[in-house]
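Chemist: Provided below: structure_0.txt, containing compact mmCIF, C-alpha atoms.
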```txt
# COMPACT_ATOMS: atom_id res chain seq x y z
CA MET T 21 77.69 107.45 56.33
CA PHE T 22 74.24 108.83 57.03
CA ASN T 23 74.85 109.47 60.72
CA SER T 24 77.55 111.96 59.74
CA LEU T 25 75.12 113.73 57.43
CA ARG T 26 72.23 114.00 59.82
CA THR T 27 72.03 117.06 62.03
CA ALA T 28 71.54 115.52 65.40
CA SER T 29 73.52 117.76 67.70
CA SER T 30 77.25 117.17 67.91
CA LEU T 31 76.73 117.50 71.63
CA ALA T 32 74.66 114.35 71.82
CA GLN T 33 76.96 112.45 69.51
CA ARG T 34 80.08 113.37 71.48
CA ALA T 35 78.44 112.68 74.81
CA SER T 36 77.47 109.22 73.65
CA LEU T 37 81.07 108.46 72.74
CA VAL T 38 82.27 109.52 76.16
CA ALA T 39 79.61 107.63 78.05
CA ARG T 40 80.54 104.45 76.13
CA LYS T 41 76.96 103.27 76.72
CA PRO T 42 73.75 103.60 74.70
CA ILE T 43 71.96 106.83 75.53
CA GLN T 44 68.39 106.35 76.71
CA GLN T 45 67.27 109.41 74.84
CA GLN T 46 69.41 112.02 73.21
CA GLN T 47 68.77 115.70 73.13
CA LYS T 48 68.65 116.79 69.50
CA ARG T 49 68.61 120.15 67.84
CA PHE T 50 65.68 119.31 65.62
CA LEU T 51 61.96 118.84 65.92
CA ASN T 52 60.61 115.45 64.88
CA ILE T 53 56.93 115.18 63.96
CA HIS T 54 54.61 112.23 63.50
CA GLU T 55 54.19 110.50 60.15
CA TYR T 56 50.59 111.62 59.63
CA LEU T 57 51.64 115.24 60.15
CA SER T 58 54.55 114.81 57.76
CA VAL T 59 52.18 113.46 55.12
CA LYS T 60 49.89 116.44 55.64
CA LEU T 61 52.82 118.79 55.02
CA LEU T 62 53.78 116.87 51.89
CA ARG T 63 50.29 117.31 50.49
CA GLU T 64 50.48 121.06 51.12
CA TYR T 65 53.43 121.08 48.73
CA GLY T 66 51.57 119.06 46.09
CA ILE T 67 53.45 115.86 46.84
CA ASN T 68 51.54 112.63 46.32
CA ALA T 69 50.97 110.18 49.20
CA PRO T 70 48.46 107.39 49.90
CA LYS T 71 45.11 108.55 51.28
CA GLY T 72 44.77 108.27 55.02
CA GLU T 73 43.69 109.90 58.28
CA VAL T 74 44.72 109.81 61.92
CA ALA T 75 42.61 108.12 64.60
CA LYS T 76 42.88 108.56 68.35
CA THR T 77 40.21 106.03 69.32
CA PRO T 78 39.29 102.58 67.98
CA GLU T 79 35.94 104.00 66.86
CA GLU T 80 37.67 106.69 64.80
CA ALA T 81 39.87 104.02 63.19
CA TYR T 82 36.71 102.12 62.24
CA GLU T 83 35.12 105.18 60.61
CA ILE T 84 38.28 106.12 58.71
CA ALA T 85 38.73 102.60 57.34
CA LYS T 86 35.09 102.63 56.27
CA SER T 87 35.42 106.01 54.56
CA LEU T 88 38.52 104.98 52.58
CA GLY T 89 36.39 102.41 50.76
CA SER T 90 39.15 99.89 50.27
CA ASP T 91 39.79 96.37 51.51
CA ASP T 92 43.57 96.81 51.35
CA LEU T 93 44.64 99.10 54.19
CA VAL T 94 47.44 99.71 56.68
CA ILE T 95 47.36 100.89 60.28
CA LYS T 96 50.51 102.44 61.77
CA ALA T 97 51.23 103.31 65.39
CA GLN T 98 52.20 106.97 65.61
CA VAL T 99 55.33 106.78 67.76
CA LEU T 100 58.46 108.83 67.11
CA ALA T 101 60.88 105.95 66.73
CA GLY T 102 62.20 103.70 64.02
CA GLY T 103 61.50 99.98 63.85
CA ARG T 104 57.79 100.28 64.62
CA GLY T 105 56.88 97.25 62.52
CA LYS T 106 59.12 95.01 64.59
CA GLY T 107 58.27 96.62 67.93
CA THR T 108 56.29 95.19 70.84
CA PHE T 109 53.63 96.95 72.91
CA ASP T 110 53.68 96.83 76.70
CA ASN T 111 50.56 94.63 76.56
CA GLY T 112 52.52 91.99 74.64
CA TYR T 113 51.05 92.76 71.21
CA LYS T 114 53.72 92.57 68.51
CA GLY T 115 54.04 94.94 65.59
CA GLY T 116 53.23 98.64 65.28
CA VAL T 117 52.44 98.42 61.55
CA LYS T 118 49.72 96.03 60.37
CA THR T 119 47.77 95.39 57.17
CA PHE T 120 44.04 94.70 57.30
CA SER T 121 40.95 94.65 55.11
CA THR T 122 37.82 95.58 57.12
CA PRO T 123 36.74 98.45 59.41
CA GLU T 124 36.16 95.90 62.17
CA GLU T 125 39.81 94.85 61.96
CA ALA T 126 40.85 98.50 62.12
CA LYS T 127 38.93 98.92 65.35
CA GLU T 128 40.42 95.77 66.85
CA LEU T 129 43.99 96.63 65.87
CA ALA T 130 43.65 100.21 67.12
CA SER T 131 42.41 98.95 70.50
CA LYS T 132 45.60 96.89 70.86
CA MET T 133 47.85 99.85 70.03
CA LEU T 134 46.24 102.96 71.49
CA GLY T 135 47.06 103.78 75.09
CA HIS T 136 50.04 101.42 75.18
CA ASN T 137 53.78 102.00 75.00
CA LEU T 138 55.56 100.67 71.93
CA VAL T 139 59.07 99.35 72.52
CA THR T 140 61.44 99.37 69.54
CA LYS T 141 65.20 99.24 69.08
CA GLN T 142 65.25 103.04 69.33
CA THR T 143 62.96 103.71 72.30
CA GLY T 144 64.68 102.10 75.26
CA ALA T 145 63.04 99.56 77.55
CA GLU T 146 60.12 101.78 78.56
CA GLY T 147 59.03 102.49 75.01
CA LYS T 148 57.00 105.47 73.87
CA PRO T 149 53.25 106.04 74.19
CA CYS T 150 51.01 105.38 71.22
CA ASN T 151 48.28 108.03 71.38
CA ALA T 152 47.28 107.89 67.72
CA VAL T 153 47.25 105.52 64.74
CA TYR T 154 47.44 106.37 61.07
CA VAL T 155 44.99 104.48 58.86
CA CYS T 156 45.81 104.67 55.16
CA GLU T 157 45.61 102.92 51.81
CA ARG T 158 48.02 100.13 51.05
CA LYS T 159 49.68 100.75 47.72
CA TYR T 160 51.63 98.22 45.69
CA ALA T 161 54.79 99.53 44.10
CA ARG T 162 56.39 98.50 40.84
CA ASN T 163 59.66 99.89 42.22
CA GLU T 164 60.73 101.33 45.58
CA TYR T 165 63.37 104.00 46.04
CA TYR T 166 65.05 105.90 48.85
CA PHE T 167 65.18 109.69 48.82
CA ALA T 168 66.44 112.08 51.48
CA ILE T 169 67.62 115.65 51.86
CA LEU T 170 70.08 116.20 54.69
CA LEU T 171 72.44 118.88 55.87
CA ASP T 172 76.03 117.93 55.17
CA ARG T 173 78.77 119.61 57.18
CA LYS T 174 81.47 118.62 54.69
CA SER T 175 79.83 120.47 51.81
CA ALA T 176 78.34 123.08 54.17
CA GLY T 177 74.88 122.75 52.70
CA PRO T 178 72.08 120.39 51.71
CA VAL T 179 72.82 117.10 50.03
CA ILE T 180 70.44 114.77 48.22
CA VAL T 181 70.91 111.11 49.14
CA ALA T 182 69.08 108.62 46.95
CA SER T 183 69.07 104.96 46.02
CA ALA T 184 67.17 102.56 43.80
CA GLN T 185 67.17 100.17 46.78
CA GLY T 186 64.34 101.67 48.83
CA GLY T 187 61.98 100.19 51.39
CA VAL T 188 64.85 98.70 53.37
CA ASP T 189 67.33 99.90 55.99
CA ILE T 190 69.40 102.44 54.05
CA GLU T 191 72.37 102.17 56.43
CA THR T 192 72.61 98.49 55.53
CA VAL T 193 72.52 99.36 51.82
CA ALA T 194 75.29 101.93 52.34
CA ALA T 195 77.42 99.39 54.19
CA GLN T 196 76.89 96.46 51.84
CA SER T 197 76.43 98.21 48.48
CA PRO T 198 77.89 101.72 48.69
CA GLU T 199 77.78 101.99 44.90
CA ALA T 200 73.96 101.92 45.16
CA ILE T 201 73.94 105.28 46.94
CA ILE T 202 73.74 108.48 44.90
CA THR T 203 74.69 111.75 46.60
CA VAL T 204 74.08 115.16 45.05
CA PRO T 205 75.34 118.26 46.91
CA VAL T 206 73.10 121.24 46.23
CA ASP T 207 74.27 124.84 45.94
CA THR T 208 71.67 126.83 47.89
CA LYS T 209 72.19 129.82 45.58
CA VAL T 210 71.21 127.72 42.57
CA GLY T 211 68.77 125.28 44.16
CA PHE T 212 67.70 121.86 42.95
CA THR T 213 66.93 122.55 39.31
CA GLN T 214 64.57 120.74 36.96
CA ASP T 215 67.51 119.35 35.00
CA MET T 216 69.15 118.02 38.17
CA ALA T 217 65.87 116.46 39.30
CA LEU T 218 65.23 114.76 35.94
CA ASP T 219 68.79 113.49 35.80
CA LEU T 220 68.40 111.94 39.26
CA ALA T 221 65.08 110.31 38.28
CA LYS T 222 66.77 108.69 35.29
CA LYS T 223 69.74 107.50 37.33
CA LEU T 224 67.44 105.92 39.91
CA GLY T 225 65.59 103.99 37.21
CA PHE T 226 62.14 105.56 37.13
CA THR T 227 60.21 104.59 34.00
CA PRO T 228 60.02 107.22 31.23
CA LYS T 229 56.38 107.87 32.16
CA GLY T 230 57.24 108.34 35.81
CA GLN T 231 60.38 110.46 35.46
CA GLN T 232 58.62 113.81 35.18
CA GLN T 233 56.48 113.25 38.27
CA ALA T 234 59.50 111.93 40.16
CA ALA T 235 61.43 115.11 39.29
CA GLU T 236 58.51 117.27 40.41
CA THR T 237 58.34 115.29 43.66
CA PHE T 238 62.08 115.83 44.26
CA GLN T 239 61.72 119.56 43.70
CA GLY T 240 58.64 119.77 45.91
CA LEU T 241 60.52 118.02 48.71
CA PHE T 242 63.48 120.37 48.31
CA LYS T 243 61.15 123.38 48.41
CA LEU T 244 59.61 122.05 51.65
CA PHE T 245 63.11 121.47 53.06
CA ASN T 246 64.12 125.08 52.40
CA GLU T 247 60.91 126.91 53.26
CA LYS T 248 60.27 125.02 56.51
CA ASP T 249 63.86 125.09 57.81
CA ALA T 250 64.08 121.32 57.81
CA THR T 251 67.21 119.46 58.84
CA GLN T 252 66.04 116.22 57.27
CA VAL T 253 63.44 115.11 54.76
CA GLU T 254 63.50 111.34 54.35
CA ILE T 255 61.15 109.31 52.15
CA ASN T 256 61.54 105.55 52.45
CA PRO T 257 60.13 104.13 50.37
CA LEU T 258 59.41 106.49 47.52
CA SER T 259 57.53 104.30 45.10
CA GLU T 260 56.38 104.19 41.51
CA SER T 261 53.11 102.31 41.12
CA SER T 262 52.04 100.13 38.21
CA ASP T 263 50.16 103.11 36.72
CA ASN T 264 53.32 105.27 37.00
CA GLN T 265 52.19 107.31 40.01
CA VAL T 266 55.04 108.47 42.25
CA LEU T 267 54.04 108.15 45.92
CA CYS T 268 55.71 108.98 49.22
CA MET T 269 54.86 105.86 51.18
CA ASP T 270 56.53 106.90 54.43
CA ALA T 271 57.91 110.26 55.50
CA LYS T 272 60.24 111.43 58.23
CA LEU T 273 60.67 115.19 58.62
CA ASN T 274 62.87 116.98 61.13
CA PHE T 275 63.13 120.74 61.68
CA ASP T 276 65.78 123.00 63.16
CA ASP T 277 64.97 124.11 66.71
CA ASN T 278 66.64 127.45 65.97
CA ALA T 279 63.82 128.20 63.53
CA ASP T 280 60.99 127.82 66.04
CA PHE T 281 60.46 131.60 66.18
CA LYS T 282 59.58 131.76 62.47
CA GLN T 283 58.06 128.31 61.95
CA LYS T 284 55.27 128.59 64.49
CA ASP T 285 52.90 126.40 62.48
CA VAL T 286 55.44 123.57 62.31
CA PHE T 287 56.50 123.73 65.94
CA ALA T 288 52.87 123.72 67.02
CA LEU T 289 52.89 120.08 65.81
CA ARG T 290 55.35 119.03 68.50
CA ASP T 291 54.25 116.04 70.60
CA PHE T 292 55.74 116.44 74.08
CA THR T 293 54.50 113.02 75.17
CA GLN T 294 57.21 111.52 72.95
CA GLU T 295 60.03 113.41 74.66
CA ASP T 296 61.95 113.03 77.90
CA SER T 297 60.28 115.37 80.42
CA ARG T 298 63.70 116.23 81.85
CA GLU T 299 64.94 117.42 78.46
CA ILE T 300 61.82 119.55 78.06
CA ALA T 301 62.42 121.13 81.49
CA ALA T 302 66.10 121.72 80.69
CA ALA T 303 65.29 123.46 77.40
CA LYS T 304 63.18 126.05 79.25
CA PHE T 305 66.35 127.26 81.00
CA ASN T 306 68.65 126.81 77.98
CA LEU T 307 70.39 123.88 79.62
CA ASN T 308 71.87 121.09 77.52
CA TYR T 309 70.67 117.85 79.11
CA ILE T 310 71.02 114.24 78.01
CA GLY T 311 69.80 111.37 80.17
CA LEU T 312 72.26 108.47 80.60
CA ASP T 313 71.95 105.15 82.44
CA GLY T 314 74.27 105.77 85.42
CA ASN T 315 73.70 107.04 88.98
CA ILE T 316 76.03 110.03 89.46
CA GLY T 317 74.35 113.27 88.53
CA CYS T 318 76.65 115.74 86.78
CA LEU T 319 76.39 119.51 86.50
CA VAL T 320 79.19 121.02 84.41
CA ASN T 321 79.83 124.05 82.20
CA GLY T 322 81.17 123.39 78.74
CA ALA T 323 80.85 120.26 76.61
CA GLY T 324 84.57 119.43 76.77
CA LEU T 325 84.72 119.62 80.56
CA ALA T 326 81.47 117.67 80.78
CA MET T 327 82.91 114.83 78.71
CA ALA T 328 86.14 114.85 80.75
CA THR T 329 84.05 114.72 83.92
CA MET T 330 82.11 111.70 82.69
CA ASP T 331 85.34 110.01 81.67
CA ILE T 332 86.97 110.45 85.06
CA ILE T 333 83.85 109.23 86.85
CA GLN T 334 84.02 106.04 84.80
CA LEU T 335 87.76 105.79 85.39
CA HIS T 336 87.04 105.50 89.11
CA GLY T 337 84.33 102.89 88.65
CA GLY T 338 81.24 105.10 88.56
CA LYS T 339 78.64 105.77 85.87
CA PRO T 340 77.29 109.22 84.95
CA ALA T 341 73.52 109.61 85.15
CA ASN T 342 73.42 112.49 82.71
CA PHE T 343 75.20 115.02 80.58
CA LEU T 344 74.22 118.49 81.79
CA ASP T 345 75.97 121.59 80.48
CA VAL T 346 74.78 124.85 82.05
CA GLY T 347 76.70 126.91 79.49
CA GLY T 348 78.26 130.29 80.12
CA SER T 349 75.22 132.43 80.93
CA ALA T 350 73.28 130.42 83.49
CA THR T 351 71.51 132.21 86.33
CA PRO T 352 71.10 130.94 89.92
CA GLU T 353 67.54 130.01 88.93
CA ALA T 354 68.81 127.93 86.03
CA VAL T 355 71.32 126.16 88.30
CA LYS T 356 68.54 125.37 90.75
CA ALA T 357 66.42 124.05 87.88
CA ALA T 358 69.37 121.87 86.84
CA PHE T 359 69.42 120.29 90.28
CA GLU T 360 65.68 119.69 90.14
CA ILE T 361 66.17 117.83 86.85
CA ILE T 362 69.11 115.80 88.17
CA THR T 363 67.36 114.80 91.40
CA SER T 364 64.13 113.92 89.60
CA ASP T 365 65.95 110.76 88.47
CA PRO T 366 65.38 108.23 91.29
CA THR T 367 68.52 106.31 90.34
CA VAL T 368 70.84 109.25 91.13
CA SER T 369 72.79 108.53 94.32
CA SER T 370 75.25 111.44 94.33
CA ALA T 371 75.67 114.76 92.53
CA PHE T 372 78.94 116.11 91.18
CA VAL T 373 79.32 119.79 90.25
CA ASN T 374 82.43 120.58 88.20
CA ILE T 375 82.75 124.21 87.11
CA PHE T 376 85.60 126.06 85.47
CA GLY T 377 84.66 129.70 85.74
CA GLY T 378 85.43 131.68 82.61
CA ILE T 379 82.37 133.43 81.26
CA MET T 380 80.38 131.47 83.85
CA ARG T 381 81.13 132.93 87.29
CA CYS T 382 81.65 130.49 90.15
CA ASP T 383 79.71 132.65 92.62
CA VAL T 384 76.61 132.45 90.42
CA ILE T 385 76.91 128.66 90.42
CA ALA T 386 77.40 128.70 94.20
CA GLU T 387 74.23 130.77 94.69
CA GLY T 388 72.28 128.26 92.63
CA ILE T 389 73.79 125.30 94.49
CA ILE T 390 72.90 126.79 97.86
CA ALA T 391 69.35 127.64 96.77
CA ALA T 392 68.88 124.11 95.44
CA ALA T 393 70.27 122.47 98.57
CA GLN T 394 68.00 124.58 100.79
CA ASP T 395 64.79 124.50 98.76
CA LEU T 396 64.94 120.96 97.39
CA ASP T 397 65.97 119.30 100.64
CA LEU T 398 68.63 117.23 98.89
CA LYS T 399 68.90 113.68 100.19
CA ILE T 400 72.04 112.79 98.27
CA PRO T 401 75.68 113.84 98.79
CA LEU T 402 76.75 116.90 96.85
CA ILE T 403 80.37 117.18 95.72
CA VAL T 404 81.48 120.53 94.30
CA ARG T 405 84.64 121.50 92.46
CA LEU T 406 84.92 125.16 91.49
CA ARG T 407 87.86 126.83 89.73
CA GLY T 408 88.25 130.14 87.93
CA THR T 409 86.35 133.42 87.96
CA LYS T 410 85.04 134.48 91.40
CA VAL T 411 86.05 131.14 92.93
CA ASP T 412 87.03 132.66 96.30
CA GLU T 413 83.69 134.41 96.58
CA ALA T 414 81.96 131.14 95.69
CA LYS T 415 83.85 129.18 98.36
CA LYS T 416 82.95 131.81 100.92
CA LEU T 417 79.26 131.58 100.03
CA ILE T 418 79.31 127.79 100.35
CA LYS T 419 81.17 127.90 103.67
CA GLU T 420 78.85 130.51 105.17
CA SER T 421 75.75 128.62 104.04
CA GLY T 422 76.27 126.03 106.75
CA LEU T 423 75.19 123.30 104.35
CA ARG T 424 76.90 119.92 104.12
CA ILE T 425 78.50 120.43 100.72
CA PHE T 426 81.72 118.57 99.99
CA ALA T 427 84.06 121.07 98.31
CA GLU T 428 87.19 119.84 96.54
CA ASP T 429 89.84 121.64 94.51
CA GLU T 430 91.24 118.67 92.57
CA LEU T 431 89.16 117.00 89.89
CA ASP T 432 90.52 113.52 90.56
CA THR T 433 89.79 113.71 94.28
CA ALA T 434 86.33 115.14 93.69
CA ALA T 435 85.45 112.40 91.19
CA GLN T 436 86.65 109.66 93.56
CA LYS T 437 84.54 111.11 96.34
CA ALA T 438 81.45 111.30 94.09
CA VAL T 439 81.86 107.62 93.20
CA LYS T 440 82.47 106.50 96.79
CA PHE T 441 79.49 108.44 98.15
CA SER T 442 77.32 107.08 95.35
CA ASN T 443 78.26 103.52 96.31
CA ILE T 444 77.44 104.23 99.98
CA VAL T 445 73.99 105.58 99.11
CA LYS T 446 73.27 102.62 96.81
CA LEU T 447 74.20 100.14 99.54
CA ALA T 448 72.08 102.04 102.06
CA ARG T 449 69.08 102.03 99.72
CA GLU T 450 69.43 98.31 99.13
CA ALA T 451 69.53 97.73 102.89
CA ASN T 452 66.62 100.16 103.42
CA VAL T 453 68.79 102.36 105.65
CA ASP T 454 68.31 106.11 105.70
CA VAL T 455 71.61 107.94 105.13
CA LYS T 456 71.73 111.75 105.42
CA PHE T 457 74.45 114.03 104.14
CA ALA T 458 72.85 117.37 104.95
```
Just give me the structure as structure tokens.

Modeler:
Amino acid sequence: MFNSLRTASSLAQRASLVARKPIQQQQKRFLNIHEYLSVKLLREYGINAPKGEVAKTPEEAYEIAKSLGSDDLVIKAQVLAGGRGKGTFDNGYKGGVKTFSTPEEAKELASKMLGHNLVTKQTGAEGKPCNAVYVCERKYARNEYYFAILLDRKSAGPVIVASAQGGVDIETVAAQSPEAIITVPVDTKVGFTQDMALDLAKKLGFTPKGQQQAAETFQGLFKLFNEKDATQVEINPLSESSDNQVLCMDAKLNFDDNADFKQKDVFALRDFTQEDSREIAAAKFNLNYIGLDGNIGCLVNGAGLAMATMDIIQLHGGKPANFLDVGGSATPEAVKAAFEIITSDPTVSSAFVNIFGGIMRCDVIAEGIIAAAQDLDLKIPLIVRLRGTKVDEAKKLIKESGLRIFAEDELDTAAQKAVKFSNIVKLAREANVDVKFA
């Protein structure tokens, strides 16, 4: 239910279906920021959250815990992935969210988290680096709720998703108790009104004393969602304390990449250490790249052709190493950059270029292929299938280059050759034999 509402790119979703395997890391069309930065944004909008600060050294964690003046605190690893509490660090330490009571404990816990990769169900085997920890008050809730604002394609606008069953995996709640989920489509021309907010607070079961603050919190979150070009605002749990305070206990905020030109302050919060370096490089050239777990590098134009290419590779017993769509306006420099990204993956044992020239001219692709083969000193076999606009000129360029590029006209034949060459290179690597195709 919620996956269909979230605005992760349809490209990544469709590619994952074609690959039939879990994606190591998906390219998304939204910016994801750390929890402590999300909480800071919430406070700017007058939204209540437990007191806390970020620490990047064990000593800073000690000082923050001391300054909070409480013996009931929480330390959270700042890693952009779900399941932190059940994760394991690469040093063997288990759990990225821990409760503690003294500054000395804060220092000890921080030393076990900082500088280590945290592996969760969402990070892949390598995990993600923990460069900061968030030290904050531990609050006890009378009730816990779930609240989110998402973009819904069906209603073509924002939708409020809420539940009285907060603090747990909301997908599980939706699957097991769908009646516990409240959805409220919002007309952007009208907005999320006070009456709508109060009505939702009552339906969720906030106490009479807490309903007004809950409604104000809902409206503040919706204002943040609109003004900051968010694609998702998720609070889980949203709690009401014993003294009727409404608190955002955990926050996940995502922002539309298309808004980076007008949301400079938000996009300055981006943490590149949490992202795939190949995806970062691809974005600089407007390439759509998704890393997969195979060994045949793919360079294609158009999402549909890219998915068909991955399918036919798997049909012949191979596994794609990536989804890479160069689009319809790539330059020779962008094509060369695409090859640099593909070959930066040490598991890639062959490269398959499949281009149908419409808007994208085949000769431009050929120029990029030749430049890449010459400048990068490719050590893997390169199979190229070009059809469409300027294909004859492209074939001529490849032929006159004198490079060992395997050109094929038929997709099936080209895919078979990519798989066979990949198997040869893998066998040679295992036997420590140097095989050259140039």

Chemist: Just to confirm, what's the straight-line distance from CA of Phe426 in chain T to CA of Leu402 in chain T in Å (one decimal)?

Modeler: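 Answer for the CA of Phe426 in chain T to CA of Leu402 in chain T separation: 6.1 Å.
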
Chemist: With 10 Å as the threshold, what does the neighbourhood of (62.8, 109.3, 50.2) contain in terms of residues, counting only C-alpha atoms? Coordinates are those of the file; answer as a list in words.

Modeler: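 Every polymer residue passing the test: Glu164, Tyr165, Tyr166, Phe167, Ala168, Ile169, Ile180, Val181, Ala182, Ser183, Gly186, Gly187, Thr237, Phe238, Leu241, Val253, Glu254, Ile255, Asn256, Pro257, Leu258, Ser259, Leu267, Cys268, Met269, Asp270, Ala271 and Lys272 of chain T.
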
Chemist: Pull C-alpha atoms from the residues just selected and write them as a CSV table (one decimal), in the frame of the given file.

Modeler:
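To be explicit, this is the file written out as selection.csv:
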```
chain,number,residue,atom,x,y,z
T,164,GLU,CA,60.7,101.3,45.6
T,165,TYR,CA,63.4,104.0,46.0
T,166,TYR,CA,65.0,105.9,48.8
T,167,PHE,CA,65.2,109.7,48.8
T,168,ALA,CA,66.4,112.1,51.5
T,169,ILE,CA,67.6,115.6,51.9
T,180,ILE,CA,70.4,114.8,48.2
T,181,VAL,CA,70.9,111.1,49.1
T,182,ALA,CA,69.1,108.6,47.0
T,183,SER,CA,69.1,105.0,46.0
T,186,GLY,CA,64.3,101.7,48.8
T,187,GLY,CA,62.0,100.2,51.4
T,237,THR,CA,58.3,115.3,43.7
T,238,PHE,CA,62.1,115.8,44.3
T,241,LEU,CA,60.5,118.0,48.7
T,253,VAL,CA,63.4,115.1,54.8
T,254,GLU,CA,63.5,111.3,54.4
T,255,ILE,CA,61.2,109.3,52.2
T,256,ASN,CA,61.5,105.6,52.4
T,257,PRO,CA,60.1,104.1,50.4
T,258,LEU,CA,59.4,106.5,47.5
T,259,SER,CA,57.5,104.3,45.1
T,267,LEU,CA,54.0,108.2,45.9
T,268,CYS,CA,55.7,109.0,49.2
T,269,MET,CA,54.9,105.9,51.2
T,270,ASP,CA,56.5,106.9,54.4
T,271,ALA,CA,57.9,110.3,55.5
T,272,LYS,CA,60.2,111.4,58.2
```

Chemist: For the contact check between range 398-436 of chain T and range 333-350 of chain T, emit one row per residue of range 398-436 of chain T within 10 Å, containing the shortest atom pair and the distance in Å rounded to one decimal, counting only C-alpha atoms, chain then rising number order, as JSON lines.

Modeler:
```
{"residue": "T:Leu431", "atom": "CA", "partner": "T:Ile333", "partner_atom": "CA", "distance": 9.9}
{"residue": "T:Asp432", "atom": "CA", "partner": "T:Ile333", "partner_atom": "CA", "distance": 8.8}
{"residue": "T:Ala434", "atom": "CA", "partner": "T:Ile333", "partner_atom": "CA", "distance": 9.4}
{"residue": "T:Ala435", "atom": "CA", "partner": "T:Ile333", "partner_atom": "CA", "distance": 5.6}
{"residue": "T:Gln436", "atom": "CA", "partner": "T:His336", "partner_atom": "CA", "distance": 6.1}
```

Chemist: Could you give me, as a ChimeraX atom specification, the residues within 12 Å of Ala393 in chain T, counting all atoms listed in the file and dropping anything in the same chain fewer than 4 positions from it?

Modeler: /T:355-360,363,371,386-389,397-403,418,421-425,457-458

Chemist: Can you tell me how far CA of Asp172 in chain T sits from CA of Ala101 in chain T, in Å to one decimal?

Modeler: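 Computing it gives 22.5 Å between the two atoms.
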